[in-house]
$ cat entry29.cif   # mmCIF, C-alpha atoms
data_model
loop_
_atom_site.label_atom_id
_atom_site.label_comp_id
_atom_site.auth_asym_id
_atom_site.auth_seq_id
_atom_site.Cartn_x
_atom_site.Cartn_y
_atom_site.Cartn_z
CA MET A 4 -16.30 -13.78 -12.47
CA ALA A 5 -13.34 -14.22 -10.20
CA THR A 6 -13.58 -12.92 -6.67
CA THR A 7 -10.63 -11.57 -4.70
CA THR A 8 -11.02 -10.31 -1.16
CA ALA A 9 -8.50 -8.58 1.07
CA THR A 10 -9.00 -8.44 4.82
CA VAL A 11 -6.96 -6.71 7.50
CA SER A 12 -6.96 -6.79 11.27
CA ILE A 13 -4.85 -4.29 13.24
CA THR A 14 -4.67 -4.70 16.99
CA SER A 15 -2.77 -3.29 19.92
CA GLY A 16 -3.39 -3.39 23.65
CA ASP A 17 -0.81 -0.80 24.62
CA LEU A 18 -0.25 1.65 21.75
CA GLN A 19 -2.97 3.93 23.10
CA PRO A 20 -3.00 3.63 26.91
CA GLY A 21 -6.45 2.81 28.21
CA ASN A 22 -7.81 2.19 24.75
CA ASN A 23 -7.46 -1.14 22.99
CA LEU A 24 -6.96 -0.70 19.28
CA SER A 25 -8.91 -2.99 16.99
CA ILE A 26 -9.37 -2.19 13.31
CA ASN A 27 -10.97 -4.67 10.94
CA ALA A 28 -11.64 -4.07 7.27
CA SER A 29 -12.42 -6.16 4.23
CA SER A 30 -12.84 -5.32 0.57
CA THR A 31 -13.53 -7.08 -2.70
CA LEU A 32 -11.16 -6.08 -5.46
CA MET A 33 -12.84 -4.86 -8.62
CA LYS A 34 -11.10 -4.04 -11.85
CA THR A 35 -11.40 -0.68 -13.56
CA GLY A 36 -15.03 -0.04 -14.36
CA LEU A 37 -16.09 -1.64 -11.10
CA THR A 38 -18.47 -4.18 -12.60
CA THR A 39 -16.28 -7.28 -12.52
CA GLY A 40 -13.64 -8.69 -10.24
CA MET A 41 -9.94 -8.74 -10.92
CA GLU A 42 -8.95 -11.31 -13.55
CA LEU A 43 -5.18 -11.09 -13.68
CA MET A 44 -2.71 -11.85 -10.94
CA GLU A 45 0.99 -12.43 -10.65
CA MET A 46 2.77 -13.94 -7.65
CA GLY A 47 6.38 -14.65 -6.98
CA ARG A 48 9.29 -14.63 -4.65
CA GLY A 49 12.85 -13.49 -5.02
CA GLU A 50 16.00 -12.40 -3.31
CA LEU A 51 17.09 -8.81 -3.41
CA THR A 52 20.73 -7.86 -2.89
CA GLN A 53 21.92 -4.48 -1.72
CA ALA A 54 24.40 -4.36 -4.58
CA SER A 55 21.62 -4.45 -7.14
CA ALA A 56 20.41 -0.96 -6.09
CA ARG A 57 16.85 -0.14 -7.17
CA ASP A 58 15.07 -2.85 -9.18
CA ALA A 59 11.75 -2.70 -11.00
CA LEU A 60 9.44 -5.27 -9.46
CA HIS A 61 6.74 -4.56 -12.03
CA GLU A 62 6.50 -2.16 -14.95
CA ALA A 63 3.40 -0.02 -15.45
CA LEU A 64 2.36 -1.64 -18.72
CA GLY A 65 -1.36 -1.69 -18.03
CA THR A 66 -4.01 0.90 -18.72
CA THR A 67 -3.09 4.29 -17.28
CA ASP A 68 -5.08 5.24 -14.19
CA SER A 69 -6.50 1.76 -13.69
CA ALA A 70 -7.30 -0.30 -10.59
CA ASN A 71 -4.46 -2.56 -9.46
CA TRP A 72 -3.22 -3.84 -6.09
CA VAL A 73 0.21 -4.69 -4.77
CA TYR A 74 1.22 -6.99 -1.90
CA ILE A 75 4.89 -7.15 -0.89
CA CYS A 76 6.38 -8.94 2.09
CA ASN A 77 9.94 -8.59 3.37
CA ASN A 78 10.77 -12.10 4.54
CA SER A 79 14.09 -11.23 6.15
CA THR A 80 14.54 -12.27 9.78
CA ASP A 81 17.35 -9.75 10.32
CA ASP A 82 15.94 -6.62 11.98
CA GLN A 83 18.70 -4.54 10.40
CA GLN A 84 17.49 -5.26 6.88
CA TYR A 85 14.71 -3.33 5.21
CA MET A 86 13.35 -2.78 1.71
CA LYS A 87 12.79 0.62 0.14
CA ILE A 88 9.53 0.54 -1.79
CA GLY A 89 8.92 3.12 -4.49
CA ILE A 90 6.89 4.19 -7.47
CA HIS A 91 9.30 5.55 -10.07
CA GLU A 92 11.21 8.41 -8.35
CA THR A 93 9.01 8.47 -5.25
CA VAL A 94 10.02 6.42 -2.22
CA ILE A 95 6.82 5.29 -0.55
CA GLY A 96 8.44 3.90 2.57
CA ASN A 97 10.72 1.41 4.27
CA LEU A 98 9.47 -2.12 4.77
CA GLY A 99 11.19 -3.76 7.72
CA ALA A 100 12.04 -7.41 8.28
CA GLY A 101 8.88 -9.49 8.51
CA GLU A 102 6.64 -6.62 7.40
CA TRP A 103 4.17 -6.49 4.52
CA LEU A 104 2.28 -3.82 2.58
CA TRP A 105 -1.02 -3.67 0.71
CA MET A 106 -1.24 -0.77 -1.69
CA PRO A 107 -3.44 0.41 -4.55
CA TRP A 108 -1.52 1.21 -7.74
CA ASN A 109 -3.16 3.17 -10.53
CA MET A 110 -0.21 3.07 -12.99
CA GLY A 111 -0.37 6.87 -13.28
CA ASP A 112 1.77 6.76 -16.41
CA ALA A 113 4.08 4.35 -18.24
CA ASP A 114 7.00 5.32 -15.97
CA ALA A 115 5.14 4.54 -12.74
CA GLU A 116 6.85 1.22 -12.10
CA ILE A 117 6.93 -0.43 -8.69
CA ASN A 118 10.52 -0.59 -7.54
CA ILE A 119 12.27 -2.21 -4.59
CA GLU A 120 15.71 -1.86 -3.06
CA ALA A 121 17.53 -3.79 -0.30
CA GLU A 122 19.15 -1.87 2.56
CA PRO A 123 21.67 -1.61 4.09
CA SER A 124 23.51 -4.78 3.04
CA GLY A 125 23.15 -8.44 2.29
CA THR A 126 20.34 -10.34 0.62
CA ILE A 127 16.65 -9.99 1.45
CA PRO A 128 14.12 -12.68 0.53
CA TYR A 129 10.76 -11.26 -0.46
CA GLU A 130 7.37 -12.31 -1.79
CA TYR A 131 4.89 -10.34 -3.84
CA ALA A 132 1.51 -10.54 -5.49
CA ILE A 133 0.06 -8.09 -7.97
CA PHE A 134 -3.61 -8.05 -8.93
CA LYS A 135 -4.30 -6.24 -12.17
CA SER A 136 -7.15 -4.93 -14.23
CA ALA A 137 -7.44 -6.30 -17.76
CA PRO A 138 -6.52 -5.56 -20.45
CA TYR A 139 -2.87 -5.69 -19.60
CA THR A 140 -0.10 -5.28 -22.15
CA LEU A 141 2.41 -8.09 -22.24
CA ALA A 142 5.97 -7.24 -23.19
CA ALA A 143 6.67 -7.75 -26.89
CA SER A 144 8.49 -10.92 -27.88
CA THR A 145 12.03 -10.48 -29.10
CA ALA A 146 11.86 -13.64 -31.19
CA ALA A 147 12.67 -13.20 -34.88
CA MET B 21 7.40 -0.62 24.05
CA ALA B 22 4.03 -1.02 22.40
CA THR B 23 3.06 -4.05 20.38
CA THR B 24 0.92 -3.46 17.30
CA THR B 25 0.16 -6.31 14.96
CA ALA B 26 -1.46 -6.34 11.55
CA THR B 27 -2.76 -9.43 9.79
CA ILE B 28 -3.64 -9.58 6.12
CA SER B 29 -5.67 -12.28 4.41
CA ILE B 30 -6.07 -12.30 0.64
CA ASN B 31 -8.25 -14.94 -0.97
CA SER B 32 -8.75 -15.20 -4.69
CA SER B 33 -10.47 -17.40 -7.26
CA ILE B 34 -8.66 -15.84 -10.22
CA MET B 35 -6.69 -19.02 -10.83
CA SER B 36 -8.26 -22.41 -11.42
CA TYR B 37 -7.25 -23.27 -7.85
CA PRO B 38 -7.82 -21.16 -4.71
CA THR B 39 -5.10 -18.67 -3.87
CA SER B 40 -4.60 -17.57 -0.30
CA ILE B 41 -2.11 -15.24 1.36
CA ASN B 42 -2.03 -14.90 5.14
CA LYS B 43 0.60 -12.91 6.96
CA THR B 44 0.93 -11.23 10.35
CA MET B 45 3.46 -8.53 11.14
CA THR B 46 4.48 -6.60 14.21
CA MET B 47 5.08 -2.94 13.39
CA LYS B 48 8.63 -2.11 14.44
CA LYS B 49 10.96 0.85 14.50
CA LEU B 50 13.43 1.04 11.64
CA GLN B 51 16.25 -1.50 12.03
CA SER B 52 15.02 -2.46 15.47
CA CYS B 53 13.11 -5.17 17.27
CA THR B 54 11.25 -2.48 19.26
CA GLY B 55 7.63 -1.79 18.38
CA LEU B 56 6.30 1.54 17.10
CA GLU B 57 5.27 3.79 19.98
CA GLU B 58 3.45 6.75 18.44
CA THR B 59 0.22 7.15 16.54
CA SER B 60 -1.95 9.86 15.11
CA GLY B 61 -4.93 8.02 16.49
CA LEU B 62 -7.74 6.85 14.27
CA ARG B 63 -9.05 9.82 12.31
CA THR B 64 -12.06 10.28 10.08
CA LYS B 65 -12.47 13.08 7.58
CA LYS B 66 -15.56 13.97 5.60
CA PHE B 67 -15.15 15.07 1.98
CA ILE B 68 -17.89 16.89 0.08
CA ALA B 69 -15.75 18.23 -2.75
CA THR B 70 -13.04 17.02 -5.09
CA THR B 71 -10.50 19.45 -3.69
CA GLU B 72 -7.11 17.88 -2.96
CA THR B 73 -6.43 17.74 0.77
CA VAL B 74 -3.36 16.94 2.82
CA VAL B 75 -4.31 14.27 5.37
CA VAL B 76 -0.86 13.26 6.63
CA GLU B 77 1.72 15.97 7.16
CA GLN B 78 5.32 14.92 6.82
CA ASP B 79 6.50 16.94 9.83
CA GLU B 80 4.33 14.90 12.19
CA PHE B 81 6.80 12.05 11.85
CA THR B 82 10.53 11.66 11.21
CA SER B 83 11.54 11.07 7.62
CA THR B 84 14.49 8.86 8.42
CA LYS B 85 12.43 6.40 10.41
CA ALA B 86 9.67 3.84 9.91
CA SER B 87 6.02 4.84 9.80
CA LYS B 88 2.90 3.09 8.55
CA VAL B 89 -0.28 4.56 7.11
CA TYR B 90 -3.62 2.79 7.18
CA MET B 91 -6.49 4.22 5.11
CA ARG B 92 -9.99 3.07 4.31
CA ASN B 93 -12.63 4.59 2.09
CA THR B 94 -15.76 4.02 4.17
CA SER B 95 -18.18 4.59 1.29
CA SER B 96 -20.50 1.71 0.43
CA ASP B 97 -20.54 2.96 -3.16
CA LYS B 98 -17.61 1.49 -5.09
CA ALA B 99 -17.75 4.36 -7.58
CA HIS B 100 -16.73 6.90 -4.95
CA TYR B 101 -12.98 6.76 -4.86
CA PHE B 102 -10.04 8.72 -3.51
CA TYR B 103 -6.79 9.40 -5.28
CA VAL B 104 -3.99 8.86 -2.78
CA ALA B 105 -0.74 10.65 -3.54
CA LYS B 106 2.59 11.30 -1.96
CA HIS B 107 3.00 14.89 -2.96
CA ALA B 108 4.45 18.03 -1.38
CA SER B 109 1.52 20.19 -2.34
CA ALA B 110 -2.02 19.09 -2.90
CA ALA B 111 -1.97 17.55 -6.34
CA ALA B 112 -3.40 14.09 -6.15
CA VAL B 113 -3.46 13.34 -9.84
CA ASP B 114 -0.22 13.59 -11.71
CA THR B 115 2.07 11.68 -14.00
CA ASP B 116 5.30 11.79 -12.08
CA GLY B 117 5.09 8.68 -9.96
CA GLU B 118 3.70 10.50 -6.96
CA THR B 119 0.16 9.23 -7.23
CA ILE B 120 0.01 5.91 -5.43
CA GLY B 121 -3.39 4.70 -6.50
CA LYS B 122 -7.13 4.86 -6.16
CA LEU B 123 -9.01 3.78 -3.08
CA TYR B 124 -12.51 2.78 -4.14
CA GLY B 125 -15.52 2.55 -1.83
CA GLY B 126 -14.79 -0.04 0.86
CA ASP B 127 -11.13 -0.41 -0.10
CA TRP B 128 -8.33 -0.18 2.47
CA MET B 129 -4.55 0.05 2.33
CA LEU B 130 -1.65 -0.30 4.74
CA ILE B 131 1.68 1.01 3.51
CA PRO B 132 5.06 1.97 4.93
CA TYR B 133 5.54 5.73 4.89
CA LEU B 134 8.77 7.65 4.53
CA ALA B 135 7.69 10.94 6.04
CA ASP B 136 9.58 13.21 3.66
CA VAL B 137 6.51 14.40 1.74
CA ASN B 138 2.87 14.93 2.69
CA ILE B 139 0.18 12.42 1.80
CA THR B 140 -2.63 14.02 -0.13
CA VAL B 141 -6.02 12.67 -1.14
CA ALA B 142 -8.73 13.87 -3.49
CA SER B 143 -12.26 12.56 -3.64
CA SER B 144 -13.78 11.73 -7.01
CA SER B 145 -17.18 12.95 -5.91
CA THR B 146 -19.01 15.92 -4.47
CA ASP B 147 -21.19 13.46 -2.56
CA THR B 148 -20.27 12.93 1.05
CA VAL B 149 -17.46 10.40 1.36
CA ILE B 150 -15.63 9.64 4.59
CA LEU B 151 -12.00 8.62 4.76
CA GLU B 152 -10.74 6.72 7.81
CA TYR B 153 -7.00 6.78 8.43
CA MET B 154 -4.32 6.25 11.05
CA VAL B 155 -0.59 6.79 11.12
CA PHE B 156 1.76 4.64 13.19
CA GLY B 157 5.20 6.11 13.90
CA GLU B 158 8.34 5.74 15.97
#
$ encode --input "entry29.cif" --output "structure tokens"
Amino acid sequence: MATTTATVSITSGDLQPGNNLSINASSTLMKTGLTTGMELMEMGRGELTQASARDALHEALGTTDSANWVYICNNSTDDQQYMKIGIHETVIGNLGAGEWLWMPWNMGDADAEINIEAEPSGTIPYEYAIFKSAPYTLAASTAA
Amino acid sequence: MATTTATISINSSIMSYPTSINKTMTMKKLQSCTGLEETSGLRTKKFIATTETVVVEQDEFTSTKASKVYMRNTSSDKAHYFYVAKHASAAAVDTDGETIGKLYGGDWMLIPYLADVNITVASSSTDTVILEYMVFGE
């Protein structure tokens, strides 16, 4: 069985005056059913241009209401540039230059794709990783 | 200006070779090099029913700006999960792209948050399950 762990550390010495912030958490990713670890993953990088509007990073082709995880990092070094991250028609939030997200994704229905959009102009380099529960439906071949 | 950093480490043996992602970010205001300055503080909420509950109210933060939401299901039982949804009312399970995902026992998430809609959660269990969460805003 494959094992995938995700760990986070959040710290700040001055966000809460007089109270140092230190959050540490770690989890092992399990696929739907919770008896075995994730067995499918997809990683990549790309460049997103503002002119391309909203693009689907990943379609929701897996089992509806399953356990999946999404990592996205905005690798821009320009503080003016940010990525809009959404699930279908819902904008989750704005991911600024140098920022990352870690998000569960249950593929609530076949339309619940993960989408990304560059704002306000230019090209944004990004990286992503998606960890998925099996079985996962591959797109049909168009070959004759 | 406050400085808040978050570091993620993902390690996986799914492939035939080890896969590792390590990244640190400083949480900043939208289109700025200035750090986020507001927070809800670290909150914990006990759930003993499956009733959908708003945990982050949109009007606490500004919708045109940058916020972050950290959540962790503190249960040691993987089977106890929360639906997490971005929904105006309290529906956590739907088919319109508003349900983000399921946070199983021990799982955590850190996402950007456009504060135009509430964040709602619903426990899968009537057993006691505690959700830990914190919002970072401008």
$ resolve_selection --input "entry29.cif" --expression "the PyMOL selection byres ((chain A) within 8 of (chain B))" --output "PyMOL selection string"
chain A and resi 5-19+28-32+37+41-44+68+70-71+82-85+90-99+101-112+114-116
$ closest_residue --input "entry29.cif" --among "A:Lys135, A:Ser25, A:Gly49, A:Ile75" --to "Ala63 of chain A" --atoms "only C-alpha atoms"
A:Lys135
$ resolve_selection --input "entry29.cif" --expression "the PyMOL selection byres ((chain A and resi 117) around 6)" --output "list in words"
Ala59, Leu60, His61, Gly89, Ile90, Glu116 and Asn118 of chain A
$ write_last_selection --input "entry29.cif" --atoms "C-alpha atoms" --output "PDB file, in the coordinates of the input"
ATOM      1  CA  ALA A  59      11.750  -2.700 -11.000  1.00  0.00           C
ATOM      2  CA  LEU A  60       9.440  -5.270  -9.460  1.00  0.00           C
ATOM      3  CA  HIS A  61       6.740  -4.560 -12.030  1.00  0.00           C
ATOM      4  CA  GLY A  89       8.920   3.120  -4.490  1.00  0.00           C
ATOM      5  CA  ILE A  90       6.890   4.190  -7.470  1.00  0.00           C
ATOM      6  CA  GLU A 116       6.850   1.220 -12.100  1.00  0.00           C
ATOM      7  CA  ASN A 118      10.520  -0.590  -7.540  1.00  0.00           C
TER       8      ASN A 118
END
$ atom_distance --input "entry29.cif" --atom1 "atom CA of Phe81 of chain B" --atom2 "atom CA of Glu158 of chain B"
7.7 Å
$ resolve_selection --input "entry29.cif" --expression "the PyMOL selection byres ((chain A and resi 119) around 6)" --output "NGL selection string"
:A and (57-58 or 87-88 or 118 or 120)
$ closest_residue --input "entry29.cif" --among "B:Ser109, B:Asn138, B:Thr148, B:Ser96" --to "Ile68 of chain B" --atoms "all atoms listed in the file"
B:Thr148
$ atom_distance --input "entry29.cif" --atom1 "atom CA of Pro128 of chain A" --atom2 "atom CA of Thr80 of chain A"
9.3 Å
$ atom_distance --input "entry29.cif" --atom1 "atom CA of Ser143 of chain B" --atom2 "atom CA of Thr64 of chain B"
13.9 Å
$ closest_residue --input "entry29.cif" --among "A:Asn27, A:Ser124, A:Ser136, A:Thr35" --to "Tyr101 of chain B" --atoms "all atoms listed in the file"
A:Thr35
$ residues_near_point --input "entry29.cif" --point "(24.7, -2.9, -5.6)" --cutoff "12 Å" --atoms "all atoms listed in the file" --output "list of chain:residue names"
A:Leu51, A:Thr52, A:Gln53, A:Ala54, A:Ser55, A:Ala56, A:Arg57, A:Asp58, A:Glu120, A:Ala121, A:Glu122, A:Pro123, A:Ser124, A:Gly125, A:Thr126
$ decode --input "entry29.cif" --residues "segment 50-120 of chain A" --atoms "C-alpha atoms" --output "short mmCIF file (atom, residue, chain, number, x, y, z; two decimals), in the first residue's frame"
data_model
loop_
_atom_site.label_atom_id
_atom_site.label_comp_id
_atom_site.auth_asym_id
_atom_site.auth_seq_id
_atom_site.Cartn_x
_atom_site.Cartn_y
_atom_site.Cartn_z
CA GLU A 50 1.88 28.71 -17.36
CA LEU A 51 -1.44 30.44 -17.12
CA THR A 52 -2.17 33.56 -19.15
CA GLN A 53 -4.76 36.14 -18.27
CA ALA A 54 -6.13 35.98 -21.79
CA SER A 55 -7.07 32.34 -21.38
CA ALA A 56 -9.76 33.22 -18.80
CA ARG A 57 -10.88 30.30 -16.64
CA ASP A 58 -9.23 26.95 -17.40
CA ALA A 59 -10.06 23.50 -16.08
CA LEU A 60 -7.02 22.19 -14.23
CA HIS A 61 -8.69 18.83 -13.65
CA GLU A 62 -12.09 17.42 -14.55
CA ALA A 63 -14.17 15.58 -11.96
CA LEU A 64 -14.05 12.22 -13.72
CA GLY A 65 -13.64 10.10 -10.60
CA THR A 66 -16.22 8.57 -8.33
CA THR A 67 -18.71 11.14 -7.07
CA ASP A 68 -18.23 12.11 -3.43
CA SER A 69 -14.83 10.45 -3.15
CA ALA A 70 -11.64 11.36 -1.28
CA ASN A 71 -9.18 13.41 -3.33
CA TRP A 72 -6.63 16.13 -2.53
CA VAL A 73 -5.38 19.12 -4.46
CA TYR A 74 -2.11 21.05 -4.12
CA ILE A 75 -1.62 24.20 -6.21
CA CYS A 76 1.22 26.70 -5.99
CA ASN A 77 1.36 30.09 -7.68
CA ASN A 78 5.02 30.42 -8.62
CA SER A 79 4.83 34.03 -9.77
CA THR A 80 7.29 36.45 -8.17
CA ASP A 81 5.17 39.48 -9.11
CA ASP A 82 3.05 40.51 -6.11
CA GLN A 83 0.45 41.97 -8.46
CA GLN A 84 -0.35 38.59 -9.97
CA TYR A 85 -2.75 36.13 -8.41
CA MET A 86 -4.69 33.02 -9.41
CA LYS A 87 -8.42 32.58 -8.95
CA ILE A 88 -9.09 29.04 -7.80
CA GLY A 89 -12.54 27.57 -8.24
CA ILE A 90 -14.72 24.51 -8.28
CA HIS A 91 -17.10 24.83 -11.23
CA GLU A 92 -19.02 28.12 -10.68
CA THR A 93 -17.72 28.68 -7.14
CA VAL A 94 -14.60 30.80 -6.64
CA ILE A 95 -12.81 29.37 -3.62
CA GLY A 96 -10.27 32.17 -3.29
CA ASN A 97 -7.35 34.14 -4.66
CA LEU A 98 -3.91 32.58 -4.51
CA GLY A 99 -1.22 35.25 -4.43
CA ALA A 100 2.30 35.14 -5.81
CA GLY A 101 4.35 32.52 -4.00
CA GLU A 102 1.34 31.07 -2.19
CA TRP A 103 0.07 27.49 -2.14
CA LEU A 104 -3.14 25.69 -1.16
CA TRP A 105 -3.98 22.22 0.13
CA MET A 106 -7.62 21.31 -0.32
CA PRO A 107 -9.84 18.24 -0.13
CA TRP A 108 -11.94 17.67 -3.25
CA ASN A 109 -14.86 15.26 -3.19
CA MET A 110 -15.87 15.63 -6.88
CA GLY A 111 -19.43 16.43 -5.80
CA ASP A 112 -20.69 15.79 -9.31
CA ALA A 113 -19.33 15.46 -12.85
CA ASP A 114 -19.31 19.26 -13.27
CA ALA A 115 -17.21 19.90 -10.16
CA GLU A 116 -13.97 20.53 -12.01
CA ILE A 117 -11.04 22.38 -10.47
CA ASN A 118 -10.49 25.57 -12.41
CA ILE A 119 -7.82 28.26 -12.35
CA GLU A 120 -7.57 31.75 -13.79
#
